[in-house]
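K.L.:
This is the structure I want to talk about, given as C-alpha cells.
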Protein chains: 2
Amino acid sequence: MAVTAYRADIIYTSVPERYEVYPASYLLVRDGLVEGIYTELPEKYRGVALEDFSRSLLIPAFVDLHVHAPQFLQSGLGMDKELIAWLNEHTFPLENRFADPLYAREAYDLFTDALIYHGTLRACVLGTVHRKSTEILFQCLAEKGIGAFVGKVNMDRHCPDYLRENTADSLRETEELALAFSGHHLVKPILTPRFAPTSSEELLEGLGRLSQKYNLPVQSHLAENRREVAWVKELFPAHPNYASVYRHFGLLGHTPSLMAHGIYLGDDEVELLRNSNVTLVHCPDANINLSSGIMPARRWLKAGIRLALGSDVGAGHTLAMNRVMRSAVQLSKLQNLAVPGEKPLTSSEAFYLGTRAGGEFFGKVGSFEKGFSFDALVIADDPFTTAGLSPEERLQKFIYAGEPSEITARFVNGTRL
Amino acid sequence: MAVTAYRADIIYTSVPERYEVYPASYLLVRDGLVEGIYTELPEKYRGVALEDFSRSLLIPAFVDLHVHAPQFLQSGLGMDKELIAWLNEHTFPLENRFADPLYAREAYDLFTDALIYHGTLRACVLGTVHRKSTEILFQCLAEKGIGAFVGKVNMDRHCPDYLRENTADSLRETEELALAFSGHHLVKPILTPRFAPTSSEELLEGLGRLSQKYNLPVQSHLAENRREVAWVKELFPAHPNYASVYRHFGLLGHTPSLMAHGIYLGDDEVELLRNSNVTLVHCPDANINLSSGIMPARRWLKAGIRLALGSDVGAGHTLAMNRVMRSAVQLSKLQNLAVPGEKPLTSSEAFYLGTRAGGEFFGKVGSFEKGFSFDALVIADDPFTTAGLSPEERLQKFIYAGEPSEITARFVNGTRL
C-alpha cells in the first residue's frame with residue numbers, strides 16, 4: 001500500500017464560491033491520488049509514512065493554461081506597444097532564435113525551472129514554429145516531471161518570411177510531433193495554430209482534420225484586441241465572427257479547446273461558447289500590458305462560459321499564478337466600477353480559476369477532492385506576519401503578496417519534485 | 001579627497017521624457033554626492049577607490065512617498081472591501097496592537113528590513129497614533145540608515161475608542177516628537193493627520209499652527225474614494241471642497257505637503273494644487289485593491305500638478321516600487337482606453353515619478369545629476385535573459401518583471417547599507 005500522509009494547514013476549492021479549509025489536518029495520498037483529508041489520522045493509517053508540514057499551507061499546485069515558452073525571455077519588454085506591433089517588433093524576432101536547438105535547450109531549461117519555481121506544475125505551453133525546438137520543449141518539461149500540453153505553433157501567412165511555414169510541411173511536422181509524444185503520461189501534444197490571421201484556410205482545415213483524426217485538443221487566441229477582431233473580419237469575410245472561423249474548421253469545441261483572451265465577443269459568439277467544450281483562458285496581465293482591455297469575466301461566467309487563467313508570458317510579465325489570480329481580481333474590480341452589475345471576482349473564485357478550473361483540462365487535477373491527482377504546493381509563510389490568521393486569510397495574503405520563495409515543496413501526481 | 005568610482009551600466013532620469021544612459025561607465029561620488037559620470041575614468045581620478053559592478057545596472061534608489069509602516073503586516077488582507085470598511089475591519093484593529101512597544105519594535109524592524117530589501121531607501125512613512133511606537137519607528141529607520149519622514153498619526157474622531165486621541169494630548173505629543181527628532185540628518189518628522197474625516201477642526205487648526213511654528217511638512221490623504229469625498233462634504237459643509245479643508249487649516253501647500261491619492265478632484269481643487277508646494281502621491285495598487293478608481297495621472301500632469309508614487313502598503317500589497325511603477329503604467333493604459341486623449345505613462349515617466357519626482361521631497365535625491373545624493377541600487381539582472389539588451393531595455397524589464405533578489409547593493413548618501 002503506497003500511502004503517504006501529509007500534515008499541514010490544508011486549503012483548496014472544489015467550487016468557486018468558497019474555500020474548503022482543514023487546519024492542522026492530514027491529507028492521505030494513495031498511488032499519487034488524494035485518498036481523503038482527516039483532522040485526526042485514522043487508526044488504519046497509523047503506520048504510513050508521514051511528512052510533516054505543520055504550520056505551512058498545503059494547496060493545490062497552480063495551473064497555467066496559456067504560456068508562450070520562448071517569450072519567457074522577453075517578459076517586460078515592448079510594453080509600450082499594442083498586440084500587432086508587439087508581435088512584429090519583439091516577439092517574432094525572438095522566436096526566430098529558436099531555429100537554433102542549442103539556444104532552445106538553454107532557454108527552455110530556464111523557462112521550465114522558472115515555471116516550477118513559481119509553483120505552476122501543469123501548463124498549456126506554446127512553442128515556436130520550429131519542430132526541433134518544440135521537441136526540446138517537450139523533453140525539458142518531461143524530464144523535470146511536470147504536466148503539460150505542448151504545441152508547435154503553426155503559421156503560414158502574415159508573419160515575417162523567416163517564420164513563415166510551408167502549409168504542407170507545417171501539417172506534416174505537427175502530425176509527426178503529435179505521434180512522437182502522444183504516449184507520454186505527463187506531457188502531451190496540443191494543436192496550436194497561432195491565431196486566425198496567421199493561418200491560411202488550408203492550414204486551419206488541415207489542423208481540423210488532424211484534431212479529429214487523433215482526437216487532439218486545440219489551443220489558440222481569440223478576440224484579444226479590437227484591431228485584431230477587425231482584421232479577422234477582413235480576412236474571413238464569409239464567416240459571421242471570429243469564433244466561427246475556428247468552429248468552421250473543426251478547431252473549436254470539437255475536441256477540448258483553449259482560447260486565450262476572449263475580451264471582445266459578440267452575443268452569437270457567447271452562444272457558441274457557452275456550455276461547450278471550450279475554455280476561455282483569461283490572461284489579465286497580458287490584457288493590461290498590451291492595452292487590450294478588460295475581459296468581462298463576471299459576464300462570461302454568468303453566461304455559462306468556462307473560464308480559467310493564463311499567465312500569457314511574455315505579454316504577461318510574470319509566471320506566478322498567484323499574482324495572475326490577483327490581477328484577475330483587480331481587473332474585475334475595475335470592471336465593476338465601470339459596470340456596477342458585474343461583481344468583482346472573490347479570492348476563492350480566482351483561486352478556483354487558477355487551480356480547479358484550469359486543472360479540469362488535465363483530468364482530475366487542481367483540487368484535493370478524493371481521487372484527484374496529488375499536485376500540491378507547500379507554502380511556508382512568515383509566522384510573525386501571519387500570526388493569528390486563518391488558513392483562508394493566509395492564502396489570500398499569499399495570492400496578493402506572496403513570493404515564490406515561500407513555496408518550499410512541490411508535488412506532481414504524488415511525486416515530490 | 002573622499003572620492004569613489006563605481007563602474008556599471010548607469011541609467012537614471014533627470015526629466016520624465018527620457019532615460020539618461022551610460023553603458024559601462026564610471027560614476028564618481030565625492031563625500032556622498034554625485035560628482036559626475038564618465039565613459040572613461042578621467043586622469044585625475046585614476047588613483048581613487050573603484051567598485052566594479054560591471055555588467056550590472058546602477059540606478060537611483062526608489063522613493064516611496066506614502067507607506068503605512070504598521071499596515072505592512074496586513075498586506076493582502078481584506079482586499080474584498082472598500083476604504084471605510086477596510087479601515088474599520090482590518091486596519092484599526094491592527095493599529096491598536098501598536099499600543100505595545102515590544103510588538104512595534106518587532107514589526108517595525110521587519111518593515112524597515114523589507115523596505116530596504118525592496119530597494120526603497122527614502123520613504124514618507126505613517127505610523128499609528130501611539131507616541132512610543134512612533135519613536136521606535138523613527139529609531140528603526142535611523143539605525144538602519146535610510147532616509148525618511150515619519151509621522152505620528154493624529155486622529156480624534158470617527159474611529160474606534162481604542163484609537164481615538166484627546167485633541168490636546170495629540171497635539172502635545174506630536175510637538176514633542178517633532179522636537180525630539182528634528183535634528184536627525186536622515187530621519188525627520190512630518191505632521192500626519194490621518195485624513196479630514198478623523199480630525200476635528202480643533203485638531204486640524206492645532207496641526208496647522210505646529211506646521212507654521214516649526215516649518216514642518218505635512219502628509220495626509222485626499223479624495224481617494226467617492227464615498228469618502230461625500231463624507232467630507234457632509235462633515236465640513238462650510239468648505240467648498242476636500243482640498244480646501246486642508247488649505248483652510250494651513251495644511252496644504254503652506255509647507256511642503258504630500259496628499260495621497262487625489263483621484264476625485266474638481267476643477268477648483270486642481271487649480272488649488274497646480275504649481276503649488278503640494279505633491280499628489282499616486283498609489284495605483286491601493287487604488288485598484290480598494291476599488292477606489294483610477295487616478296487620471298496624465299490629466300493631472302498636464303494640469304501642472306506635481307506627482308510622485310507611493311506603495312500605500314497595506315492597501316497596496318507590495319513595497320516594491322518597481323512594481324508600483326508598473327502598476328502606474330498599467331492603470332494609465334486602462335485610463336487611455338477609457339479616455340483616448342490621456343496617453344499612457346511611459347516607462348521613463350513612471351521611473352521618474354518613483355525616483356526623481358519623489359526624491360525632490362528630500363532635496364537633491366532620486367537622480368545621478370551632479371550634486372545629487374548618491375542613493376543607488378545595483379541590479380544584477382540575469383545575463384542570459386538580458387543578452388543583447390540595452391540598459392534601457394534591461395531597466396524596463398526590471399520594472400515589469402524584476403525581483404528584489406536581483407538588487408545586490410544599496411547606497412544612501414554614498415554609504416553602502
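Following the order of the C-alpha cells, chains are lettered A, B, ..., residues in each are numbered from 1, and ligands are numbered from 1.
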Quick one: everything within 10 Å of Leu345 of chain A, counting only C-alpha atoms, minus sequence neighbours fewer than 3 positions away in the same chain. Send it as an mmCIF file with C-alpha atoms, in the first residue's frame.
P.N.:
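Writing the result to part33.cif gives the following:
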```cif
data_model
loop_
_atom_site.group_PDB
_atom_site.id
_atom_site.type_symbol
_atom_site.label_atom_id
_atom_site.label_comp_id
_atom_site.auth_asym_id
_atom_site.auth_seq_id
_atom_site.Cartn_x
_atom_site.Cartn_y
_atom_site.Cartn_z
ATOM 1 C CA PRO A 16 -15.733 28.690 -6.871
ATOM 2 C CA GLU A 17 -17.878 30.084 -4.059
ATOM 3 C CA ALA A 297 -15.124 37.841 -16.558
ATOM 4 C CA ARG A 298 -18.263 38.046 -14.425
ATOM 5 C CA MET A 325 -5.137 35.476 -9.696
ATOM 6 C CA ARG A 326 -4.637 38.833 -8.005
ATOM 7 C CA ALA A 328 -7.862 38.860 -12.303
ATOM 8 C CA VAL A 329 -9.473 40.120 -9.091
ATOM 9 C CA GLN A 330 -8.053 43.601 -9.614
ATOM 10 C CA LEU A 331 -9.327 43.899 -13.178
ATOM 11 C CA SER A 332 -12.712 42.603 -12.107
ATOM 12 C CA LYS A 333 -12.851 45.412 -9.530
ATOM 13 C CA ASN A 336 -17.258 46.574 -11.537
ATOM 14 C CA GLU A 342 -20.664 42.921 -12.734
ATOM 15 C CA SER A 348 -11.851 31.883 -3.820
ATOM 16 C CA GLU A 349 -13.190 32.343 -7.350
ATOM 17 C CA ALA A 350 -9.793 33.483 -8.606
ATOM 18 C CA PHE A 351 -8.101 30.588 -6.821
ATOM 19 C CA ASP B 80 -12.641 42.408 -0.851
#
```
K.L.:
When DSSP is applied to the backbone of this structure, which of segment 97-265 of chain B are assigned strand (DSSP E)? Write them out as number ranges by chain.
P.N.:
B: 120-126, 147-151, 153-154, 187-189, 192-193, 218-222, 257-261
K.L.:
Distance cut-off 10 Å, counting only C-alpha atoms - which residues of chain B neighbour chain A? Return them as a ChimeraX atom specification.
P.N.:
/B:72-80,106-107,110,285,287-294,316-319,326-327,329-338,344-347,384-387,389,393-403
K.L.:
Select from segment 165-286 of chain B everything DSSP, run on the backbone, classes as alpha helix (DSSP H), then give the selection as a ChimeraX atom specification.
P.N.:
/B:167-181,201-214,226-235,242-248,267-273,284-286
K.L.:
Which one of B:Leu272, B:Lys132, B:Tyr162, B:Gln212 sits closest to Leu177 of chain B if you count only C-alpha atoms?
P.N.:
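Counting only C-alpha atoms, the residue closest to Leu177 of chain B is B:Lys132.
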K.L.:
Tell me, as a CSV table (one decimal) with all heavy atoms, in the first residue's frame, which residues lie within 10 Å of segment 194-204 of chain B, counting only C-alpha atoms; anything in the same chain fewer than 6 positions away does not count.
P.N.:
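New file around_4.csv:
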```csv
chain,number,residue,atom,x,y,z
B,126,LEU,N,3.9,56.6,7.5
B,126,LEU,CA,2.9,56.9,8.5
B,126,LEU,C,3.0,55.8,9.6
B,126,LEU,O,3.1,54.6,9.3
B,126,LEU,CB,1.5,56.9,7.9
B,126,LEU,CG,1.2,58.0,6.8
B,126,LEU,CD1,1.6,57.4,5.4
B,126,LEU,CD2,-0.2,58.5,6.8
B,127,GLY,N,2.9,56.2,10.8
B,127,GLY,CA,2.9,55.3,11.9
B,127,GLY,C,1.5,55.0,12.4
B,127,GLY,O,0.6,54.8,11.6
B,128,THR,N,1.3,55.0,13.7
B,128,THR,CA,0.0,55.0,14.3
B,128,THR,C,-0.2,56.2,15.2
B,128,THR,O,0.7,57.1,15.3
B,128,THR,CB,-0.2,53.7,15.2
B,128,THR,OG1,0.8,53.7,16.3
B,128,THR,CG2,0.1,52.4,14.3
B,129,VAL,N,-1.2,56.2,16.0
B,129,VAL,CA,-1.4,57.3,17.0
B,129,VAL,C,-0.5,57.2,18.2
B,129,VAL,O,-0.4,58.2,18.9
B,129,VAL,CB,-2.9,57.4,17.5
B,129,VAL,CG1,-3.9,57.7,16.3
B,129,VAL,CG2,-3.3,56.1,18.2
B,151,GLY,N,5.7,60.2,10.5
B,151,GLY,CA,4.6,60.9,11.2
B,151,GLY,C,3.9,60.0,12.2
B,151,GLY,O,3.4,58.9,11.8
B,152,LYS,N,3.7,60.6,13.4
B,152,LYS,CA,2.7,60.0,14.3
B,152,LYS,C,1.3,60.4,13.8
B,152,LYS,O,1.1,61.6,13.5
B,152,LYS,CB,2.9,60.6,15.7
B,152,LYS,CG,2.1,60.0,16.8
B,152,LYS,CD,2.0,60.8,18.1
B,152,LYS,CE,0.7,61.6,18.1
B,152,LYS,NZ,-0.5,60.8,18.0
B,153,VAL,N,0.5,59.4,13.6
B,153,VAL,CA,-0.9,59.7,13.1
B,153,VAL,C,-1.7,60.5,14.2
B,153,VAL,O,-1.6,60.2,15.3
B,153,VAL,CB,-1.6,58.4,12.7
B,153,VAL,CG1,-3.1,58.6,12.5
B,153,VAL,CG2,-0.9,57.8,11.5
B,154,ASN,N,-2.4,61.5,13.7
B,154,ASN,CA,-3.4,62.2,14.6
B,154,ASN,C,-4.8,61.8,14.2
B,154,ASN,O,-5.1,61.8,13.0
B,154,ASN,CB,-3.2,63.7,14.5
B,154,ASN,CG,-1.8,64.2,14.7
B,154,ASN,OD1,-1.1,64.4,13.7
B,154,ASN,ND2,-1.4,64.3,15.9
B,155,MET,N,-5.6,61.6,15.2
B,155,MET,CA,-6.9,61.1,14.9
B,155,MET,C,-7.8,61.3,16.2
B,155,MET,O,-7.5,60.6,17.2
B,155,MET,CB,-6.8,59.6,14.5
B,155,MET,CG,-8.1,58.9,14.2
B,155,MET,SD,-7.8,57.5,13.1
B,155,MET,CE,-7.0,56.3,14.2
B,156,ASP,N,-8.7,62.2,16.2
B,156,ASP,CA,-9.5,62.4,17.4
B,156,ASP,C,-11.0,62.3,17.2
B,156,ASP,O,-11.8,62.7,18.0
B,156,ASP,CB,-9.1,63.8,18.0
B,156,ASP,CG,-9.6,65.0,17.2
B,156,ASP,OD1,-10.0,64.8,16.0
B,156,ASP,OD2,-9.5,66.1,17.7
B,157,ARG,N,-11.5,61.7,16.1
B,157,ARG,CA,-12.9,61.4,15.9
B,157,ARG,C,-13.1,60.4,14.8
B,157,ARG,O,-12.2,60.1,14.0
B,157,ARG,CB,-13.7,62.7,15.7
B,157,ARG,CG,-13.4,63.4,14.4
B,157,ARG,CD,-14.5,64.4,14.1
B,157,ARG,NE,-14.2,65.2,12.9
B,157,ARG,CZ,-15.1,65.9,12.2
B,157,ARG,NH1,-16.3,66.1,12.7
B,157,ARG,NH2,-14.7,66.6,11.2
B,158,HIS,N,-14.3,59.8,14.8
B,158,HIS,CA,-14.7,58.9,13.8
B,158,HIS,C,-13.7,57.7,13.6
B,158,HIS,O,-13.3,57.4,12.5
B,158,HIS,CB,-14.9,59.6,12.4
B,158,HIS,CG,-16.0,60.6,12.4
B,158,HIS,ND1,-15.9,61.8,12.0
B,158,HIS,CD2,-17.3,60.5,12.9
B,158,HIS,CE1,-17.0,62.5,12.1
B,158,HIS,NE2,-17.9,61.7,12.7
B,159,CYS,N,-13.4,57.2,14.8
B,159,CYS,CA,-12.5,56.0,14.8
B,159,CYS,C,-12.9,55.2,16.1
B,159,CYS,O,-13.5,55.8,16.9
B,159,CYS,CB,-11.1,56.4,14.7
B,159,CYS,SG,-10.5,57.3,16.1
B,164,ARG,N,-8.9,56.5,19.5
B,164,ARG,CA,-9.2,58.0,19.5
B,164,ARG,C,-8.4,58.7,20.5
B,164,ARG,O,-8.3,58.4,21.7
B,164,ARG,CB,-10.7,58.2,19.8
B,164,ARG,CG,-11.1,59.7,19.6
B,164,ARG,CD,-12.6,59.9,19.9
B,164,ARG,NE,-13.4,59.0,19.0
B,164,ARG,CZ,-14.3,58.1,19.5
B,164,ARG,NH1,-14.6,58.1,20.8
B,164,ARG,NH2,-15.0,57.4,18.7
B,165,GLU,N,-7.8,59.8,20.0
B,165,GLU,CA,-6.9,60.6,20.9
B,165,GLU,C,-7.7,61.8,21.5
B,165,GLU,O,-8.6,62.3,20.9
B,165,GLU,CB,-5.8,61.2,20.1
B,165,GLU,CG,-4.8,60.2,19.5
B,165,GLU,CD,-3.7,60.9,18.7
B,165,GLU,OE1,-4.0,61.5,17.6
B,165,GLU,OE2,-2.6,60.8,19.2
B,166,ASN,N,-7.2,62.2,22.6
B,166,ASN,CA,-7.6,63.5,23.2
B,166,ASN,C,-6.9,64.6,22.4
B,166,ASN,O,-5.7,64.5,22.1
B,166,ASN,CB,-7.2,63.6,24.7
B,166,ASN,CG,-7.3,65.0,25.2
B,166,ASN,OD1,-6.5,65.8,24.9
B,166,ASN,ND2,-8.3,65.2,26.1
B,167,THR,N,-7.6,65.6,21.9
B,167,THR,CA,-7.0,66.5,20.9
B,167,THR,C,-5.8,67.2,21.5
B,167,THR,O,-4.8,67.3,20.8
B,167,THR,CB,-8.1,67.6,20.6
B,167,THR,OG1,-9.3,66.9,20.2
B,167,THR,CG2,-7.6,68.4,19.4
B,168,ALA,N,-5.9,67.7,22.7
B,168,ALA,CA,-4.7,68.4,23.3
B,168,ALA,C,-3.5,67.5,23.4
B,168,ALA,O,-2.4,67.9,23.1
B,168,ALA,CB,-5.1,69.0,24.6
B,170,SER,N,-2.9,64.8,21.7
B,170,SER,CA,-2.4,64.5,20.4
B,170,SER,C,-1.5,65.6,19.9
B,170,SER,O,-0.4,65.3,19.3
B,170,SER,CB,-3.6,64.4,19.4
B,170,SER,OG,-3.2,64.1,18.1
B,171,LEU,N,-1.9,66.9,20.1
B,171,LEU,CA,-1.0,68.0,19.6
B,171,LEU,C,0.3,68.1,20.4
B,171,LEU,O,1.3,68.3,19.8
B,171,LEU,CB,-1.8,69.3,19.7
B,171,LEU,CG,-3.0,69.4,18.7
B,171,LEU,CD1,-3.9,70.6,19.0
B,171,LEU,CD2,-2.4,69.5,17.3
B,210,LEU,N,1.3,74.2,14.4
B,210,LEU,CA,2.6,73.5,14.5
B,210,LEU,C,3.4,73.5,13.2
B,210,LEU,O,4.6,73.7,13.2
B,210,LEU,CB,2.4,72.0,14.9
B,210,LEU,CG,2.0,71.7,16.4
B,210,LEU,CD1,1.8,70.2,16.6
B,210,LEU,CD2,3.0,72.3,17.4
B,219,GLN,N,1.7,65.3,5.7
B,219,GLN,CA,1.2,64.3,4.8
B,219,GLN,C,-0.2,63.8,5.3
B,219,GLN,O,-0.5,63.8,6.4
B,219,GLN,CB,2.2,63.1,4.8
B,219,GLN,CG,2.3,62.4,6.2
B,219,GLN,CD,3.4,61.2,6.1
B,219,GLN,OE1,3.8,60.8,5.1
B,219,GLN,NE2,3.7,60.7,7.3
B,220,SER,N,-1.0,63.6,4.3
B,220,SER,CA,-2.3,63.1,4.6
B,220,SER,C,-2.9,62.4,3.4
B,220,SER,O,-2.2,62.1,2.4
B,220,SER,CB,-3.2,64.2,5.1
B,220,SER,OG,-4.4,63.7,5.7
B,221,HIS,N,-4.3,62.2,3.4
B,221,HIS,CA,-5.0,61.6,2.3
B,221,HIS,C,-6.0,62.5,1.7
B,221,HIS,O,-6.6,63.3,2.4
B,221,HIS,CB,-5.7,60.3,2.8
B,221,HIS,CG,-4.9,59.3,3.4
B,221,HIS,ND1,-4.4,59.3,4.7
B,221,HIS,CD2,-4.4,58.1,2.9
B,221,HIS,CE1,-3.7,58.2,4.9
B,221,HIS,NE2,-3.6,57.5,3.8
B,222,LEU,N,-6.2,62.4,0.4
B,222,LEU,CA,-7.1,63.3,-0.3
B,222,LEU,C,-7.9,62.6,-1.4
B,222,LEU,O,-7.3,62.1,-2.3
B,222,LEU,CB,-6.4,64.5,-0.8
B,222,LEU,CG,-7.1,65.5,-1.7
B,222,LEU,CD1,-8.1,66.3,-0.8
B,222,LEU,CD2,-6.1,66.5,-2.4
B,223,ALA,N,-9.2,62.6,-1.3
B,223,ALA,CA,-10.1,62.2,-2.4
B,223,ALA,C,-9.7,60.9,-3.1
B,223,ALA,O,-9.4,60.8,-4.2
B,223,ALA,CB,-10.0,63.3,-3.5
B,228,GLU,N,-15.9,58.7,0.5
B,228,GLU,CA,-15.0,59.5,1.4
B,228,GLU,C,-15.2,61.0,1.0
B,228,GLU,O,-15.4,61.8,1.9
B,228,GLU,CB,-13.6,59.1,1.2
B,228,GLU,CG,-12.6,60.0,1.9
B,228,GLU,CD,-11.2,60.0,1.1
B,228,GLU,OE1,-11.2,59.5,0.0
B,228,GLU,OE2,-10.3,60.6,1.7
B,229,VAL,N,-15.2,61.3,-0.2
B,229,VAL,CA,-15.4,62.7,-0.7
B,229,VAL,C,-16.8,63.2,-0.2
B,229,VAL,O,-16.9,64.3,0.3
B,229,VAL,CB,-15.3,62.8,-2.2
B,229,VAL,CG1,-15.7,64.2,-2.7
B,229,VAL,CG2,-13.8,62.4,-2.7
B,231,TRP,N,-18.5,62.1,2.3
B,231,TRP,CA,-18.5,62.2,3.7
B,231,TRP,C,-17.8,63.6,4.2
B,231,TRP,O,-18.3,64.2,5.1
B,231,TRP,CB,-17.7,61.0,4.3
B,231,TRP,CG,-17.8,60.8,5.8
B,231,TRP,CD1,-18.8,61.2,6.6
B,231,TRP,CD2,-16.9,60.0,6.6
B,231,TRP,NE1,-18.6,60.8,7.9
B,231,TRP,CE2,-17.4,60.0,7.9
B,231,TRP,CE3,-15.7,59.3,6.3
B,231,TRP,CZ2,-16.8,59.4,9.0
B,231,TRP,CZ3,-15.1,58.6,7.4
B,231,TRP,CH2,-15.6,58.7,8.7
B,232,VAL,N,-16.7,63.9,3.5
B,232,VAL,CA,-16.0,65.2,3.9
B,232,VAL,C,-16.9,66.3,3.6
B,232,VAL,O,-17.0,67.3,4.4
B,232,VAL,CB,-14.7,65.3,3.1
B,232,VAL,CG1,-14.1,66.7,3.2
B,232,VAL,CG2,-13.7,64.2,3.5
B,233,LYS,N,-17.7,66.3,2.5
B,233,LYS,CA,-18.6,67.4,2.2
B,233,LYS,C,-19.6,67.5,3.3
B,233,LYS,O,-20.0,68.7,3.7
B,233,LYS,CB,-19.3,67.0,0.9
B,233,LYS,CG,-19.8,68.2,0.1
B,233,LYS,CD,-20.4,67.8,-1.2
B,233,LYS,CE,-20.9,69.0,-2.0
B,233,LYS,NZ,-19.8,70.0,-2.3
B,234,GLU,N,-20.1,66.4,3.9
B,234,GLU,CA,-21.0,66.4,5.0
B,234,GLU,C,-20.4,67.0,6.3
B,234,GLU,O,-21.1,67.7,7.0
B,234,GLU,CB,-21.4,64.9,5.2
B,234,GLU,CG,-22.8,64.6,5.4
B,234,GLU,CD,-22.9,63.1,5.5
B,234,GLU,OE1,-22.6,62.5,6.6
B,234,GLU,OE2,-23.2,62.4,4.5
B,235,LEU,N,-19.2,66.5,6.5
B,235,LEU,CA,-18.5,66.9,7.8
B,235,LEU,C,-18.0,68.4,7.8
B,235,LEU,O,-17.9,69.0,8.9
B,235,LEU,CB,-17.3,66.0,8.0
B,235,LEU,CG,-17.6,64.5,8.3
B,235,LEU,CD1,-16.3,63.7,8.4
B,235,LEU,CD2,-18.4,64.4,9.7
B,236,PHE,N,-17.7,68.9,6.6
B,236,PHE,CA,-17.1,70.2,6.5
B,236,PHE,C,-18.0,71.1,5.5
B,236,PHE,O,-17.5,71.5,4.5
B,236,PHE,CB,-15.7,70.2,6.1
B,236,PHE,CG,-14.8,69.5,7.0
B,236,PHE,CD1,-14.5,68.1,6.9
B,236,PHE,CD2,-14.1,70.1,8.1
B,236,PHE,CE1,-13.7,67.4,7.8
B,236,PHE,CE2,-13.3,69.5,9.0
B,236,PHE,CZ,-13.1,68.1,8.8
B,242,TYR,N,-12.8,69.2,-0.7
B,242,TYR,CA,-12.0,68.5,0.2
B,242,TYR,C,-10.6,69.2,0.4
B,242,TYR,O,-10.2,69.4,1.5
B,242,TYR,CB,-11.8,67.1,-0.4
B,242,TYR,CG,-11.3,66.0,0.5
B,242,TYR,CD1,-11.5,64.6,0.1
B,242,TYR,CD2,-10.6,66.2,1.7
B,242,TYR,CE1,-11.1,63.6,0.9
B,242,TYR,CE2,-10.2,65.2,2.5
B,242,TYR,CZ,-10.4,63.9,2.1
B,242,TYR,OH,-9.9,62.8,2.9
B,243,ALA,N,-10.0,69.5,-0.7
B,243,ALA,CA,-8.6,70.1,-0.6
B,243,ALA,C,-8.7,71.4,0.2
B,243,ALA,O,-7.8,71.7,0.9
B,243,ALA,CB,-8.1,70.4,-2.0
B,245,VAL,N,-10.4,72.1,2.7
B,245,VAL,CA,-10.4,71.9,4.2
B,245,VAL,C,-9.0,71.9,4.7
B,245,VAL,O,-8.6,72.7,5.6
B,245,VAL,CB,-11.0,70.5,4.5
B,245,VAL,CG1,-10.9,70.2,6.0
B,245,VAL,CG2,-12.5,70.5,4.1
B,246,TYR,N,-8.1,71.2,4.1
B,246,TYR,CA,-6.7,71.2,4.5
B,246,TYR,C,-6.1,72.6,4.3
B,246,TYR,O,-5.3,73.1,5.1
B,246,TYR,CB,-5.9,70.2,3.7
B,246,TYR,CG,-6.2,68.7,3.9
B,246,TYR,CD1,-6.6,67.9,2.9
B,246,TYR,CD2,-6.2,68.2,5.2
B,246,TYR,CE1,-6.9,66.6,3.1
B,246,TYR,CE2,-6.5,66.8,5.4
B,246,TYR,CZ,-6.9,66.0,4.3
B,246,TYR,OH,-7.2,64.7,4.6
B,248,HIS,N,-7.5,75.5,4.3
B,248,HIS,CA,-8.1,76.4,5.3
B,248,HIS,C,-7.3,76.3,6.6
B,248,HIS,O,-7.1,77.4,7.3
B,248,HIS,CB,-9.5,76.1,5.6
B,248,HIS,CG,-10.1,76.9,6.7
B,248,HIS,ND1,-10.6,78.2,6.5
B,248,HIS,CD2,-10.3,76.6,8.0
B,248,HIS,CE1,-11.0,78.7,7.7
B,248,HIS,NE2,-10.9,77.7,8.6
B,249,PHE,N,-6.9,75.1,7.0
B,249,PHE,CA,-6.2,75.0,8.3
B,249,PHE,C,-4.7,75.0,8.2
B,249,PHE,O,-4.0,74.7,9.2
B,249,PHE,CB,-6.7,73.6,8.9
B,249,PHE,CG,-8.1,73.7,9.4
B,249,PHE,CD1,-9.1,73.0,8.6
B,249,PHE,CD2,-8.5,74.4,10.5
B,249,PHE,CE1,-10.4,73.0,9.0
B,249,PHE,CE2,-9.9,74.4,10.9
B,249,PHE,CZ,-10.8,73.7,10.1
B,250,GLY,N,-4.2,75.5,7.1
B,250,GLY,CA,-2.8,75.7,7.0
B,250,GLY,C,-2.0,74.4,6.7
B,250,GLY,O,-0.8,74.3,7.1
B,251,LEU,N,-2.7,73.4,6.1
B,251,LEU,CA,-2.0,72.1,6.0
B,251,LEU,C,-1.9,71.7,4.5
B,251,LEU,O,-1.6,70.5,4.2
B,251,LEU,CB,-2.9,71.0,6.7
B,251,LEU,CG,-2.9,71.2,8.2
B,251,LEU,CD1,-4.0,70.4,8.8
B,251,LEU,CD2,-1.6,70.8,8.9
B,259,MET,N,-0.1,64.7,-0.5
B,259,MET,CA,-1.5,64.2,-0.4
B,259,MET,C,-1.6,62.9,-1.2
B,259,MET,O,-1.5,62.9,-2.4
B,259,MET,CB,-2.5,65.3,-1.0
B,259,MET,CG,-2.6,66.5,-0.1
B,259,MET,SD,-3.6,66.1,1.5
B,259,MET,CE,-2.8,67.2,2.6
B,260,ALA,N,-1.9,61.8,-0.5
B,260,ALA,CA,-2.0,60.6,-1.2
B,260,ALA,C,-3.4,60.5,-1.9
B,260,ALA,O,-4.4,61.0,-1.4
B,260,ALA,CB,-2.0,59.4,-0.2
```
